[in-house]
Amino acid sequence: MSFHESEHIRGCTKVSRGANHASNPIPQEGKWVVNKDIKDISGFSHGVGGCAPQQGACKLTLNIKNGIIEEALIEVIGCSGMTHSAAIAGEILPGKTLLEALNTDLVCDAINVAMRELFLQIVYGRTQSAFSEDGLEIGAGMDDLGKGMISQVGTTYTTKTKGVRYLQTTEGYITKMGLDENDEVIGYEYVAIGKMFEDIKKGKSPEEALKNNTKTYGRFNEAVKTVDPRKE
């Protein structure tokens, strides 16, 4: 393909190229691959982005095979509008090439930024599946959610005068914090929300499901005092 050149360039002397080595291969699904086209890209990875006013954040997970997005997991926090944006992005992303997705409005700033960051990881070979032969199967993103298929979210609130309040951890929704004789946290009681609703769907009563999925962590049973982190 020829391109129009300026008069100055047309009149220049041609200098032969010396250093002209190929681009470096990247680790990709158990192979070393020299990528030239978007269809050469495969991998499973995550990207994180924040929105312009920094009100919310998104963790985006994509499973890409031969340049095409086969699976997407969109997890957002901090902004009510982002949950609806994630729902739309979930319909937009699958089936698009990685390049198409990078240049598509995914509705929310944070999701768009996460897409950009994930793109960089993928094309530089910094993926979770870089050294996994044939990569990760479709469904790996859902496996990330774990039991109950619910995002793992940690929420902690604290003030200088009243101290810390654990509200949610990876185990679940915190119902009580256990304190020792020095009023220091030594454990907590929690409800595994995802597993509780799974039990309810299987026919257990809400009361039984709540009881079965209420557990403790740390030295909660040694606490001299308990605190409801949302009320006390």
# chains A, B, ... in the order shown; residues from 1 in each chain; ligands from 1

$ residues_around --residues "Ala130 of chain A" --least-positions-apart "6" --cutoff "7 Å" --atoms "only C-alpha atoms" --output "list of chain:residue names"
A:Pro27, A:Gln28, A:Glu29, A:Gly30, A:Gly43

$ write_last_selection --atoms "N, CA and C atoms" --output "PDB file, in the first residue's frame"
ATOM      1  N   PRO A  27       3.644 -14.489  26.826  1.00  0.00           N
ATOM      2  CA  PRO A  27       3.075 -15.752  27.329  1.00  0.00           C
ATOM      3  C   PRO A  27       1.559 -15.704  27.231  1.00  0.00           C
ATOM      4  N   GLN A  28       0.993 -16.724  26.630  1.00  0.00           N
ATOM      5  CA  GLN A  28      -0.437 -16.704  26.368  1.00  0.00           C
ATOM      6  C   GLN A  28      -0.989 -18.120  26.354  1.00  0.00           C
ATOM      7  N   GLU A  29      -1.745 -18.447  27.390  1.00  0.00           N
ATOM      8  CA  GLU A  29      -2.406 -19.748  27.504  1.00  0.00           C
ATOM      9  C   GLU A  29      -1.438 -20.909  27.262  1.00  0.00           C
ATOM     10  N   GLY A  30      -0.286 -20.840  27.933  1.00  0.00           N
ATOM     11  CA  GLY A  30       0.678 -21.932  27.876  1.00  0.00           C
ATOM     12  C   GLY A  30       1.588 -21.922  26.671  1.00  0.00           C
ATOM     13  N   GLY A  43      -6.797 -14.932  26.452  1.00  0.00           N
ATOM     14  CA  GLY A  43      -6.398 -14.838  27.847  1.00  0.00           C
ATOM     15  C   GLY A  43      -7.559 -14.548  28.770  1.00  0.00           C
TER      16      GLY A  43
END

$ closest_atom_pairs --of "segment 131-223 of chain A" --to "segment 50-59 of chain A" --cutoff "12 Å" --atoms "only C-alpha atoms" --output "tab-separated table"
residue	atom	partner	partner_atom	distance
A:Gly141	CA	A:Lys59	CA	11.6
A:Asp144	CA	A:Lys59	CA	11.9
A:Ser151	CA	A:Lys59	CA	10.4
A:Gln152	CA	A:Lys59	CA	11.3
A:Val153	CA	A:Lys59	CA	11.3

$ residues_around --residues "Thr216 of chain A" --least-positions-apart "3" --cutoff "12 Å" --atoms "only C-alpha atoms" --output "list in words"
Thr169, Glu171, Gly172, Tyr173, Ile174, Thr175, Lys176, Met177, Gly178, Ile186, Gly187, Tyr188, Glu189, Tyr190, Val191, Ala192, Lys211, Asn212, Asn213, Arg219, Phe220, Asn221, Glu222 and Ala223 of chain A

$ closest_residue --among "A:Val164, A:His8, A:Thr97, A:Gly139" --to "Val185 of chain A" --atoms "only C-alpha atoms"
A:Val164

$ residues_around --residues "segment 105-120 of chain A" --least-positions-apart "6" --cutoff "10 Å" --atoms "only C-alpha atoms" --output "PDB file with N, CA, C and O atoms, in the first residue's frame"
ATOM      1  N   PHE A  44      -7.347 -14.811  30.039  1.00  0.00           N
ATOM      2  CA  PHE A  44      -8.334 -14.547  31.095  1.00  0.00           C
ATOM      3  C   PHE A  44      -7.680 -13.595  32.086  1.00  0.00           C
ATOM      4  O   PHE A  44      -6.594 -13.874  32.607  1.00  0.00           O
ATOM      5  N   SER A  45      -8.307 -12.436  32.310  1.00  0.00           N
ATOM      6  CA  SER A  45      -7.684 -11.482  33.225  1.00  0.00           C
ATOM      7  C   SER A  45      -8.719 -10.508  33.781  1.00  0.00           C
ATOM      8  O   SER A  45      -9.902 -10.549  33.430  1.00  0.00           O
ATOM      9  N   HIS A  46      -8.238  -9.625  34.654  1.00  0.00           N
ATOM     10  CA  HIS A  46      -9.088  -8.668  35.360  1.00  0.00           C
ATOM     11  C   HIS A  46      -8.538  -7.251  35.181  1.00  0.00           C
ATOM     12  O   HIS A  46      -7.330  -7.054  35.043  1.00  0.00           O
ATOM     13  N   GLY A  47      -9.443  -6.278  35.180  1.00  0.00           N
ATOM     14  CA  GLY A  47      -9.050  -4.873  35.150  1.00  0.00           C
ATOM     15  C   GLY A  47      -9.903  -4.095  36.126  1.00  0.00           C
ATOM     16  O   GLY A  47     -11.075  -4.424  36.343  1.00  0.00           O
ATOM     17  N   VAL A  48      -9.325  -3.069  36.730  1.00  0.00           N
ATOM     18  CA  VAL A  48     -10.042  -2.258  37.712  1.00  0.00           C
ATOM     19  C   VAL A  48     -10.014  -0.794  37.281  1.00  0.00           C
ATOM     20  O   VAL A  48      -8.973  -0.286  36.849  1.00  0.00           O
ATOM     21  N   GLY A  49     -11.165  -0.131  37.385  1.00  0.00           N
ATOM     22  CA  GLY A  49     -11.238   1.276  37.009  1.00  0.00           C
ATOM     23  C   GLY A  49     -12.158   2.062  37.924  1.00  0.00           C
ATOM     24  O   GLY A  49     -13.059   1.501  38.543  1.00  0.00           O
ATOM     25  N   GLY A  50     -11.909   3.370  37.983  1.00  0.00           N
ATOM     26  CA  GLY A  50     -12.753   4.274  38.755  1.00  0.00           C
ATOM     27  C   GLY A  50     -13.425   5.270  37.823  1.00  0.00           C
ATOM     28  O   GLY A  50     -12.966   5.506  36.710  1.00  0.00           O
ATOM     29  N   CYS A  51     -14.543   5.857  38.257  1.00  0.00           N
ATOM     30  CA  CYS A  51     -15.244   6.830  37.426  1.00  0.00           C
ATOM     31  C   CYS A  51     -14.628   8.217  37.611  1.00  0.00           C
ATOM     32  O   CYS A  51     -13.818   8.438  38.513  1.00  0.00           O
ATOM     33  N   ALA A  52     -15.018   9.151  36.746  1.00  0.00           N
ATOM     34  CA  ALA A  52     -14.416  10.484  36.734  1.00  0.00           C
ATOM     35  C   ALA A  52     -14.498  11.201  38.092  1.00  0.00           C
ATOM     36  O   ALA A  52     -13.490  11.722  38.581  1.00  0.00           O
ATOM     37  N   PRO A  53     -15.665  11.257  38.738  1.00  0.00           N
ATOM     38  CA  PRO A  53     -15.721  11.909  40.055  1.00  0.00           C
ATOM     39  C   PRO A  53     -15.271  11.013  41.207  1.00  0.00           C
ATOM     40  O   PRO A  53     -15.394  11.379  42.365  1.00  0.00           O
ATOM     41  N   GLN A  54     -14.747   9.810  40.869  1.00  0.00           N
ATOM     42  CA  GLN A  54     -14.240   8.874  41.879  1.00  0.00           C
ATOM     43  C   GLN A  54     -15.306   8.450  42.882  1.00  0.00           C
ATOM     44  O   GLN A  54     -15.027   8.266  44.066  1.00  0.00           O
ATOM     45  N   GLN A  55     -16.527   8.282  42.401  1.00  0.00           N
ATOM     46  CA  GLN A  55     -17.609   7.853  43.289  1.00  0.00           C
ATOM     47  C   GLN A  55     -17.769   6.340  43.327  1.00  0.00           C
ATOM     48  O   GLN A  55     -18.390   5.805  44.233  1.00  0.00           O
ATOM     49  N   GLY A  56     -17.244   5.667  42.317  1.00  0.00           N
ATOM     50  CA  GLY A  56     -17.416   4.225  42.267  1.00  0.00           C
ATOM     51  C   GLY A  56     -16.279   3.554  41.536  1.00  0.00           C
ATOM     52  O   GLY A  56     -15.441   4.205  40.906  1.00  0.00           O
ATOM     53  N   ALA A  57     -16.235   2.238  41.636  1.00  0.00           N
ATOM     54  CA  ALA A  57     -15.172   1.457  40.999  1.00  0.00           C
ATOM     55  C   ALA A  57     -15.749   0.198  40.387  1.00  0.00           C
ATOM     56  O   ALA A  57     -16.790  -0.308  40.801  1.00  0.00           O
ATOM     57  N   CYS A  58     -15.037  -0.318  39.374  1.00  0.00           N
ATOM     58  CA  CYS A  58     -15.455  -1.527  38.679  1.00  0.00           C
ATOM     59  C   CYS A  58     -14.299  -2.502  38.581  1.00  0.00           C
ATOM     60  O   CYS A  58     -13.168  -2.111  38.294  1.00  0.00           O
ATOM     61  N   LYS A  59     -14.575  -3.762  38.838  1.00  0.00           N
ATOM     62  CA  LYS A  59     -13.641  -4.845  38.541  1.00  0.00           C
ATOM     63  C   LYS A  59     -14.244  -5.625  37.377  1.00  0.00           C
ATOM     64  O   LYS A  59     -15.333  -6.178  37.492  1.00  0.00           O
ATOM     65  N   LEU A  60     -13.536  -5.619  36.259  1.00  0.00           N
ATOM     66  CA  LEU A  60     -14.010  -6.277  35.051  1.00  0.00           C
ATOM     67  C   LEU A  60     -13.152  -7.506  34.772  1.00  0.00           C
ATOM     68  O   LEU A  60     -11.925  -7.430  34.783  1.00  0.00           O
ATOM     69  N   THR A  61     -13.798  -8.631  34.544  1.00  0.00           N
ATOM     70  CA  THR A  61     -13.105  -9.883  34.229  1.00  0.00           C
ATOM     71  C   THR A  61     -13.556 -10.355  32.854  1.00  0.00           C
ATOM     72  O   THR A  61     -14.754 -10.463  32.599  1.00  0.00           O
ATOM     73  N   LEU A  62     -12.591 -10.633  31.968  1.00  0.00           N
ATOM     74  CA  LEU A  62     -12.911 -11.105  30.628  1.00  0.00           C
ATOM     75  C   LEU A  62     -12.167 -12.393  30.317  1.00  0.00           C
ATOM     76  O   LEU A  62     -11.004 -12.557  30.699  1.00  0.00           O
ATOM     77  N   ILE A  74     -18.799  -8.479  35.430  1.00  0.00           N
ATOM     78  CA  ILE A  74     -18.702  -7.059  35.775  1.00  0.00           C
ATOM     79  C   ILE A  74     -19.147  -6.871  37.213  1.00  0.00           C
ATOM     80  O   ILE A  74     -20.307  -7.139  37.548  1.00  0.00           O
ATOM     81  N   GLU A  75     -18.225  -6.443  38.078  1.00  0.00           N
ATOM     82  CA  GLU A  75     -18.532  -6.208  39.483  1.00  0.00           C
ATOM     83  C   GLU A  75     -18.284  -4.731  39.798  1.00  0.00           C
ATOM     84  O   GLU A  75     -17.207  -4.213  39.535  1.00  0.00           O
ATOM     85  N   VAL A  76     -19.306  -4.059  40.336  1.00  0.00           N
ATOM     86  CA  VAL A  76     -19.203  -2.623  40.602  1.00  0.00           C
ATOM     87  C   VAL A  76     -19.580  -2.328  42.044  1.00  0.00           C
ATOM     88  O   VAL A  76     -20.314  -3.080  42.687  1.00  0.00           O
ATOM     89  N   ILE A  77     -19.063  -1.207  42.549  1.00  0.00           N
ATOM     90  CA  ILE A  77     -19.347  -0.822  43.933  1.00  0.00           C
ATOM     91  C   ILE A  77     -19.270   0.695  44.071  1.00  0.00           C
ATOM     92  O   ILE A  77     -18.500   1.359  43.372  1.00  0.00           O
ATOM     93  N   GLY A  81     -25.970   3.984  40.135  1.00  0.00           N
ATOM     94  CA  GLY A  81     -26.120   3.945  38.686  1.00  0.00           C
ATOM     95  C   GLY A  81     -25.233   2.915  38.027  1.00  0.00           C
ATOM     96  O   GLY A  81     -25.547   2.404  36.947  1.00  0.00           O
ATOM     97  N   MET A  82     -24.123   2.597  38.681  1.00  0.00           N
ATOM     98  CA  MET A  82     -23.177   1.653  38.092  1.00  0.00           C
ATOM     99  C   MET A  82     -23.760   0.256  37.989  1.00  0.00           C
ATOM    100  O   MET A  82     -23.408  -0.508  37.092  1.00  0.00           O
ATOM    101  N   THR A  83     -24.643  -0.106  38.890  1.00  0.00           N
ATOM    102  CA  THR A  83     -25.222  -1.446  38.832  1.00  0.00           C
ATOM    103  C   THR A  83     -26.036  -1.620  37.551  1.00  0.00           C
ATOM    104  O   THR A  83     -26.008  -2.686  36.929  1.00  0.00           O
ATOM    105  N   HIS A  84     -26.732  -0.565  37.148  1.00  0.00           N
ATOM    106  CA  HIS A  84     -27.511  -0.631  35.912  1.00  0.00           C
ATOM    107  C   HIS A  84     -26.585  -0.558  34.696  1.00  0.00           C
ATOM    108  O   HIS A  84     -26.833  -1.209  33.673  1.00  0.00           O
ATOM    109  N   SER A  85     -25.517   0.216  34.807  1.00  0.00           N
ATOM    110  CA  SER A  85     -24.529   0.272  33.731  1.00  0.00           C
ATOM    111  C   SER A  85     -23.892  -1.091  33.522  1.00  0.00           C
ATOM    112  O   SER A  85     -23.651  -1.511  32.382  1.00  0.00           O
ATOM    113  N   ALA A  86     -23.621  -1.801  34.624  1.00  0.00           N
ATOM    114  CA  ALA A  86     -23.021  -3.132  34.533  1.00  0.00           C
ATOM    115  C   ALA A  86     -23.964  -4.091  33.815  1.00  0.00           C
ATOM    116  O   ALA A  86     -23.526  -4.948  33.037  1.00  0.00           O
ATOM    117  N   ALA A  87     -25.262  -3.948  34.078  1.00  0.00           N
ATOM    118  CA  ALA A  87     -26.238  -4.815  33.426  1.00  0.00           C
ATOM    119  C   ALA A  87     -26.204  -4.612  31.909  1.00  0.00           C
ATOM    120  O   ALA A  87     -26.264  -5.578  31.135  1.00  0.00           O
ATOM    121  N   ILE A  88     -26.079  -3.354  31.479  1.00  0.00           N
ATOM    122  CA  ILE A  88     -26.027  -3.062  30.045  1.00  0.00           C
ATOM    123  C   ILE A  88     -24.707  -3.553  29.460  1.00  0.00           C
ATOM    124  O   ILE A  88     -24.676  -4.155  28.378  1.00  0.00           O
ATOM    125  N   ALA A  89     -23.596  -3.312  30.172  1.00  0.00           N
ATOM    126  CA  ALA A  89     -22.289  -3.763  29.694  1.00  0.00           C
ATOM    127  C   ALA A  89     -22.253  -5.270  29.540  1.00  0.00           C
ATOM    128  O   ALA A  89     -21.590  -5.806  28.637  1.00  0.00           O
ATOM    129  N   GLY A  90     -22.980  -5.983  30.405  1.00  0.00           N
ATOM    130  CA  GLY A  90     -23.037  -7.432  30.322  1.00  0.00           C
ATOM    131  C   GLY A  90     -23.685  -7.910  29.026  1.00  0.00           C
ATOM    132  O   GLY A  90     -23.402  -9.011  28.549  1.00  0.00           O
ATOM    133  N   GLU A  91     -24.558  -7.083  28.457  1.00  0.00           N
ATOM    134  CA  GLU A  91     -25.167  -7.426  27.168  1.00  0.00           C
ATOM    135  C   GLU A  91     -24.292  -6.978  26.004  1.00  0.00           C
ATOM    136  O   GLU A  91     -24.295  -7.588  24.936  1.00  0.00           O
ATOM    137  N   ILE A  92     -23.528  -5.908  26.204  1.00  0.00           N
ATOM    138  CA  ILE A  92     -22.707  -5.341  25.133  1.00  0.00           C
ATOM    139  C   ILE A  92     -21.461  -6.172  24.848  1.00  0.00           C
ATOM    140  O   ILE A  92     -21.107  -6.413  23.687  1.00  0.00           O
ATOM    141  N   LEU A  93     -20.772  -6.624  25.890  1.00  0.00           N
ATOM    142  CA  LEU A  93     -19.424  -7.164  25.740  1.00  0.00           C
ATOM    143  C   LEU A  93     -19.305  -8.511  25.018  1.00  0.00           C
ATOM    144  O   LEU A  93     -18.471  -8.653  24.116  1.00  0.00           O
ATOM    145  N   LEU A  98     -11.735  -7.832  21.168  1.00  0.00           N
ATOM    146  CA  LEU A  98     -11.103  -7.024  22.208  1.00  0.00           C
ATOM    147  C   LEU A  98     -10.985  -5.566  21.765  1.00  0.00           C
ATOM    148  O   LEU A  98     -11.186  -4.645  22.563  1.00  0.00           O
ATOM    149  N   LEU A  99     -10.685  -5.343  20.495  1.00  0.00           N
ATOM    150  CA  LEU A  99     -10.545  -3.987  19.983  1.00  0.00           C
ATOM    151  C   LEU A  99     -11.891  -3.276  19.909  1.00  0.00           C
ATOM    152  O   LEU A  99     -12.001  -2.087  20.233  1.00  0.00           O
ATOM    153  N   ARG A 126       0.094 -10.148  30.488  1.00  0.00           N
ATOM    154  CA  ARG A 126       0.045 -10.185  31.956  1.00  0.00           C
ATOM    155  C   ARG A 126      -1.296 -10.733  32.408  1.00  0.00           C
ATOM    156  O   ARG A 126      -2.062 -10.068  33.097  1.00  0.00           O
ATOM    157  N   THR A 127      -1.624 -11.950  31.996  1.00  0.00           N
ATOM    158  CA  THR A 127      -2.938 -12.501  32.299  1.00  0.00           C
ATOM    159  C   THR A 127      -2.855 -13.605  33.341  1.00  0.00           C
ATOM    160  O   THR A 127      -1.797 -14.194  33.578  1.00  0.00           O
TER     161      THR A 127
END

$ select_by_dssp --residues "segment 1-212 of chain A" --states "alpha helix (DSSP H)" --output "JSON, numbers by chain"
{"A": [7, 8, 9, 10, 80, 81, 82, 83, 84, 85, 86, 87, 88, 89, 90, 91, 92, 98, 99, 100, 101, 102, 109, 110, 111, 112, 113, 114, 115, 116, 117, 118, 119, 120, 121, 122, 123, 140, 141, 142, 143, 144, 145, 193, 194, 195, 196, 197, 198, 199, 200, 201, 206, 207, 208, 209, 210, 211, 212]}

$ closest_residue --among "A:Gln121, A:Thr214, A:Asn35, A:Asn182" --to "Met196 of chain A" --atoms "only C-alpha atoms"
A:Thr214

$ atom_distance --atom1 "atom CA of Ser42 of chain A" --atom2 "atom CA of Leu73 of chain A"
16.4 Å

$ closest_residue --among "A:Asp37, A:Asp180, A:Glu100, A:Asp134" --to "Gly218 of chain A" --atoms "only C-alpha atoms"
A:Asp180

$ select_by_dssp --residues "segment 30-145 of chain A" --states "strand (DSSP E)" --output "PDB file with N, CA and C atoms, in the first residue's frame"
ATOM      1  N   LYS A  31       1.554 -20.857  25.862  1.00  0.00           N
ATOM      2  CA  LYS A  31       2.411 -20.767  24.677  1.00  0.00           C
ATOM      3  C   LYS A  31       3.083 -19.391  24.658  1.00  0.00           C
ATOM      4  N   TRP A  32       4.136 -19.285  23.844  1.00  0.00           N
ATOM      5  CA  TRP A  32       4.758 -17.994  23.560  1.00  0.00           C
ATOM      6  C   TRP A  32       4.293 -17.577  22.180  1.00  0.00           C
ATOM      7  N   VAL A  33       3.607 -16.441  22.104  1.00  0.00           N
ATOM      8  CA  VAL A  33       2.960 -16.031  20.862  1.00  0.00           C
ATOM      9  C   VAL A  33       3.422 -14.637  20.460  1.00  0.00           C
ATOM     10  N   GLY A  43      -6.797 -14.932  26.452  1.00  0.00           N
ATOM     11  CA  GLY A  43      -6.398 -14.838  27.847  1.00  0.00           C
ATOM     12  C   GLY A  43      -7.559 -14.548  28.770  1.00  0.00           C
ATOM     13  N   PHE A  44      -7.347 -14.811  30.039  1.00  0.00           N
ATOM     14  CA  PHE A  44      -8.334 -14.547  31.095  1.00  0.00           C
ATOM     15  C   PHE A  44      -7.680 -13.595  32.086  1.00  0.00           C
ATOM     16  N   SER A  45      -8.307 -12.436  32.310  1.00  0.00           N
ATOM     17  CA  SER A  45      -7.684 -11.482  33.225  1.00  0.00           C
ATOM     18  C   SER A  45      -8.719 -10.508  33.781  1.00  0.00           C
ATOM     19  N   HIS A  46      -8.238  -9.625  34.654  1.00  0.00           N
ATOM     20  CA  HIS A  46      -9.088  -8.668  35.360  1.00  0.00           C
ATOM     21  C   HIS A  46      -8.538  -7.251  35.181  1.00  0.00           C
ATOM     22  N   GLY A  47      -9.443  -6.278  35.180  1.00  0.00           N
ATOM     23  CA  GLY A  47      -9.050  -4.873  35.150  1.00  0.00           C
ATOM     24  C   GLY A  47      -9.903  -4.095  36.126  1.00  0.00           C
ATOM     25  N   VAL A  48      -9.325  -3.069  36.730  1.00  0.00           N
ATOM     26  CA  VAL A  48     -10.042  -2.258  37.712  1.00  0.00           C
ATOM     27  C   VAL A  48     -10.014  -0.794  37.281  1.00  0.00           C
ATOM     28  N   GLY A  49     -11.165  -0.131  37.385  1.00  0.00           N
ATOM     29  CA  GLY A  49     -11.238   1.276  37.009  1.00  0.00           C
ATOM     30  C   GLY A  49     -12.158   2.062  37.924  1.00  0.00           C
ATOM     31  N   GLY A  50     -11.909   3.370  37.983  1.00  0.00           N
ATOM     32  CA  GLY A  50     -12.753   4.274  38.755  1.00  0.00           C
ATOM     33  C   GLY A  50     -13.425   5.270  37.823  1.00  0.00           C
ATOM     34  N   ALA A  57     -16.235   2.238  41.636  1.00  0.00           N
ATOM     35  CA  ALA A  57     -15.172   1.457  40.999  1.00  0.00           C
ATOM     36  C   ALA A  57     -15.749   0.198  40.387  1.00  0.00           C
ATOM     37  N   CYS A  58     -15.037  -0.318  39.374  1.00  0.00           N
ATOM     38  CA  CYS A  58     -15.455  -1.527  38.679  1.00  0.00           C
ATOM     39  C   CYS A  58     -14.299  -2.502  38.581  1.00  0.00           C
ATOM     40  N   LYS A  59     -14.575  -3.762  38.838  1.00  0.00           N
ATOM     41  CA  LYS A  59     -13.641  -4.845  38.541  1.00  0.00           C
ATOM     42  C   LYS A  59     -14.244  -5.625  37.377  1.00  0.00           C
ATOM     43  N   LEU A  60     -13.536  -5.619  36.259  1.00  0.00           N
ATOM     44  CA  LEU A  60     -14.010  -6.277  35.051  1.00  0.00           C
ATOM     45  C   LEU A  60     -13.152  -7.506  34.772  1.00  0.00           C
ATOM     46  N   THR A  61     -13.798  -8.631  34.544  1.00  0.00           N
ATOM     47  CA  THR A  61     -13.105  -9.883  34.229  1.00  0.00           C
ATOM     48  C   THR A  61     -13.556 -10.355  32.854  1.00  0.00           C
ATOM     49  N   LEU A  62     -12.591 -10.633  31.968  1.00  0.00           N
ATOM     50  CA  LEU A  62     -12.911 -11.105  30.628  1.00  0.00           C
ATOM     51  C   LEU A  62     -12.167 -12.393  30.317  1.00  0.00           C
ATOM     52  N   ASN A  63     -12.837 -13.287  29.611  1.00  0.00           N
ATOM     53  CA  ASN A  63     -12.223 -14.500  29.083  1.00  0.00           C
ATOM     54  C   ASN A  63     -12.247 -14.371  27.568  1.00  0.00           C
ATOM     55  N   ILE A  64     -11.066 -14.212  26.969  1.00  0.00           N
ATOM     56  CA  ILE A  64     -10.955 -13.920  25.543  1.00  0.00           C
ATOM     57  C   ILE A  64     -10.336 -15.103  24.823  1.00  0.00           C
ATOM     58  N   LYS A  65     -10.974 -15.518  23.753  1.00  0.00           N
ATOM     59  CA  LYS A  65     -10.469 -16.612  22.924  1.00  0.00           C
ATOM     60  C   LYS A  65     -10.374 -16.113  21.484  1.00  0.00           C
ATOM     61  N   ILE A  68     -11.847 -12.706  20.679  1.00  0.00           N
ATOM     62  CA  ILE A  68     -13.270 -12.466  20.919  1.00  0.00           C
ATOM     63  C   ILE A  68     -13.618 -12.708  22.385  1.00  0.00           C
ATOM     64  N   ILE A  69     -14.405 -11.813  22.959  1.00  0.00           N
ATOM     65  CA  ILE A  69     -14.834 -11.939  24.355  1.00  0.00           C
ATOM     66  C   ILE A  69     -15.908 -13.017  24.443  1.00  0.00           C
ATOM     67  N   GLU A  70     -15.586 -14.100  25.124  1.00  0.00           N
ATOM     68  CA  GLU A  70     -16.511 -15.212  25.283  1.00  0.00           C
ATOM     69  C   GLU A  70     -17.242 -15.173  26.623  1.00  0.00           C
ATOM     70  N   GLU A  71     -16.658 -14.455  27.591  1.00  0.00           N
ATOM     71  CA  GLU A  71     -17.214 -14.446  28.949  1.00  0.00           C
ATOM     72  C   GLU A  71     -16.836 -13.140  29.628  1.00  0.00           C
ATOM     73  N   ALA A  72     -17.775 -12.558  30.353  1.00  0.00           N
ATOM     74  CA  ALA A  72     -17.510 -11.311  31.066  1.00  0.00           C
ATOM     75  C   ALA A  72     -18.148 -11.342  32.446  1.00  0.00           C
ATOM     76  N   LEU A  73     -17.421 -10.842  33.423  1.00  0.00           N
ATOM     77  CA  LEU A  73     -17.939 -10.655  34.779  1.00  0.00           C
ATOM     78  C   LEU A  73     -17.712  -9.199  35.143  1.00  0.00           C
ATOM     79  N   ILE A  74     -18.799  -8.479  35.430  1.00  0.00           N
ATOM     80  CA  ILE A  74     -18.702  -7.059  35.775  1.00  0.00           C
ATOM     81  C   ILE A  74     -19.147  -6.871  37.213  1.00  0.00           C
ATOM     82  N   GLU A  75     -18.225  -6.443  38.078  1.00  0.00           N
ATOM     83  CA  GLU A  75     -18.532  -6.208  39.483  1.00  0.00           C
ATOM     84  C   GLU A  75     -18.284  -4.731  39.798  1.00  0.00           C
ATOM     85  N   VAL A  76     -19.306  -4.059  40.336  1.00  0.00           N
ATOM     86  CA  VAL A  76     -19.203  -2.623  40.602  1.00  0.00           C
ATOM     87  C   VAL A  76     -19.580  -2.328  42.044  1.00  0.00           C
ATOM     88  N   ILE A  77     -19.063  -1.207  42.549  1.00  0.00           N
ATOM     89  CA  ILE A  77     -19.347  -0.822  43.933  1.00  0.00           C
ATOM     90  C   ILE A  77     -19.270   0.695  44.071  1.00  0.00           C
TER      91      ILE A  77
END
